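Q: Following this message is one structure expressed as structure tokens.
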Amino acid sequence: MRGLTPIVKKVAQLMSGIIFMYGIYIVVHGHLTPGGAFAGGIILAGSFILLILAFGSEVIKLRKEETGSSFTESLAILITIILATAGFFAGSMVFFNNYLPKGTVGELVSAGAIPLYNIFIGVEVAAAIVTIFLALVIFKEEEEQR
Amino acid sequence: METLLSIILLFMIIGAIYALHARDLLSAVIAQGIVGYGLVICFLHLKAPDLAIVQIVVETITLIIMVAVVLDSSRKEIKAGFTRGNIINMISALVFIVFLVYFFSLAIDSLHTFGEHPLRMAETYVKEGAEKTGAANLVAGILWDFRGYDTLGEATILFTAALGVLTVLRLRGKK
């Protein structure tokens, strides 16, 4: 995949970090402000997609990245299920039980296990969207090489 | 508020109809974007910022992928003539629409008026959600505490979608 012009590359370089930080903010503050795992995860994936579209890459590197992102996705959803099962055994035999201490409402570290779920599902959503995008790009490249 | 919503809905309907009839597929994709972004404004006016954020980001990424697909394949729409199969399809679609509108009108009669919903279960959520879950954002509290199964299902759907795309688009394994 070819990259784009230097102007687009420079703008993407400057913007992608800010977009990434915004995605992390939305995911981490999911239990305080509007947003959450799904919105923040897709914003995180957007920063990666912006970089890949602007700079372009070779098929071999893309395939390596695809392996990594699908591994991250599977690991994140596995950790989420393990957390939910831990709630089953720690509390009163309820799946998805909020067993950690609640803290005061409105602080960053509060709401028990909800921020943890938010973070891991955010990682899972971001990795899933990047995996789908990379699979489409690799398919197109391999089609052109034939 | 209802007049503003009606105006936005009218714009969305016009955009959808234009997307159906546009000769250039690229402009059809852009017109389809009107529907998504109009929905974002609707969500904001109905005081659902969580949904608005998700909708605007998903719409943007979908639009990028659709534009890439259109630029990669062809921009011209293939016109279908009046063959026998097409006419049968049209008639069955019309019958289906008539049935759908009839049953929708029956259902709408028994609904409550706009903006005045009875809150049987939601009342408890709104009152005690903050102290029971400890989350200041009530939506996050409901998603990850009261309705944890649903959210796990959503995440599983995304996981399955990624798996499906990887399986379908694997050229190497087909040999």
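Chains: A, B, ... in order of the structure tokens. Residues: from 1 per chain. Ligands: from 1, in order shown.
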Starting from chain B, keep only residues with some atom at most 9 Å from an atom of chain A, counting only C-alpha atoms, and report them as number ranges by chain.
A: B: 48-55, 57-58, 61, 65, 130-141, 144-149, 152, 155-156, 158-159, 161-163, 165-166, 169-171
Q: How would the residues just picked look written out with C-alpha atoms as a compact mmCIF listing (two decimals), in the first residue's frame?
A:
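Output below, filename result-v3.txt:
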# COMPACT_ATOMS: atom_id res chain seq x y z
CA ALA B 48 -28.03 10.64 24.73
CA PRO B 49 -24.38 11.74 24.39
CA ASP B 50 -23.06 8.19 24.87
CA LEU B 51 -24.91 6.97 21.79
CA ALA B 52 -23.97 10.13 19.86
CA ILE B 53 -20.23 9.57 20.42
CA VAL B 54 -20.42 5.91 19.33
CA GLN B 55 -22.57 6.76 16.30
CA VAL B 57 -17.13 7.50 15.29
CA VAL B 58 -18.66 4.36 13.76
CA ILE B 61 -14.99 4.78 9.95
CA ILE B 65 -14.26 1.99 4.28
CA ALA B 130 -25.20 5.67 41.69
CA GLU B 131 -24.98 4.23 45.19
CA LYS B 132 -25.40 0.61 44.13
CA THR B 133 -22.76 0.60 41.40
CA GLY B 134 -20.62 3.58 42.47
CA ALA B 135 -20.42 4.88 38.90
CA ALA B 136 -21.20 8.56 38.26
CA ASN B 137 -22.14 7.78 34.65
CA LEU B 138 -25.41 5.89 35.00
CA VAL B 139 -25.08 4.34 31.53
CA ALA B 140 -21.77 2.67 32.46
CA GLY B 141 -23.30 1.46 35.70
CA TRP B 144 -21.51 -3.25 33.37
CA ASP B 145 -23.53 -4.04 36.49
CA PHE B 146 -27.27 -4.51 35.98
CA ARG B 147 -27.00 -5.61 32.33
CA GLY B 148 -23.55 -7.20 32.25
CA TYR B 149 -24.69 -10.16 30.13
CA LEU B 152 -20.65 -9.27 27.11
CA ALA B 155 -18.34 -7.65 22.81
CA THR B 156 -18.74 -11.24 21.63
CA LEU B 158 -17.55 -7.80 17.63
CA PHE B 159 -15.13 -10.67 18.35
CA ALA B 161 -17.24 -10.32 13.35
CA ALA B 162 -13.44 -10.03 13.38
CA LEU B 163 -13.13 -13.83 13.27
CA VAL B 165 -13.72 -11.35 8.34
CA LEU B 166 -10.40 -13.12 8.95
CA LEU B 169 -10.76 -13.03 3.46
CA ARG B 170 -8.04 -15.65 3.83
CA LEU B 171 -6.73 -16.28 0.34
Q: As a PyMOL selection string, please: the residues near Gly56 in chain A (cut-off 9 Å, only C-alpha atoms, same-chain neighbours under 3 positions excluded).
A: chain A and resi 1-4+51-53
Q: Using only C-alpha atoms, which residue out of A:Leu50, A:Ala126, A:Gly68, A:Arg63 lies closest to Lys10 in chain A?
A: A:Leu50
Q: How many Å lie between CA of Leu75 in chain A and CA of Leu44 in chain A, rounded to one decimal?
A: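 Distance between the two atoms: 17.2 Å.
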Q: Would you give me, as a VMD selection string, the residues in range 8-149 of chain B that DSSP reads as alpha helix (DSSP H)?
A: chain B and resid 8 to 21 25 to 45 49 to 72 84 to 109 121 to 133 138 to 141 148 to 149
Q: Could you pull the residues within 8 Å of Arg75 in chain B, counting only C-alpha atoms, minus those fewer than 3 positions along the same chain, as JSON, numbers by chain?
A: {"B": [24, 25, 26, 70, 71]}
Q: Those selected residues, please, written with C-alpha atoms and delivered as an mmCIF file, in the first residue's frame.
A:
data_model
loop_
_atom_site.group_PDB
_atom_site.id
_atom_site.type_symbol
_atom_site.label_atom_id
_atom_site.label_comp_id
_atom_site.auth_asym_id
_atom_site.auth_seq_id
_atom_site.Cartn_x
_atom_site.Cartn_y
_atom_site.Cartn_z
ATOM 1 C CA ASP B 24 -22.589 8.181 -9.111
ATOM 2 C CA LEU B 25 -21.980 5.650 -6.344
ATOM 3 C CA LEU B 26 -19.541 7.965 -4.538
ATOM 4 C CA VAL B 70 -16.285 2.535 -4.202
ATOM 5 C CA LEU B 71 -12.984 4.027 -5.407
#
Q: Figure out the distance between CA of Ser74 in chain B and CA of Leu94 in chain B, please, to one decimal in Å.
A: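 That distance, rounded to one decimal, is 29.8 Å.
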Q: If we count only C-alpha atoms and set the cut-off at 12 Å, which residues sit around range 101-115 of chain B, ignoring sequence neighbours fewer than 5 positions away in its own chain? Please answer as a ChimeraX atom specification.
A: /B:1-2,5,46-47,94-96
Q: Could you state the separation of CA of Val11 in chain A and CA of Phe48 in chain A in Å, given to one decimal place?
A: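 Distance reported for this atom pair: 13.8 Å.
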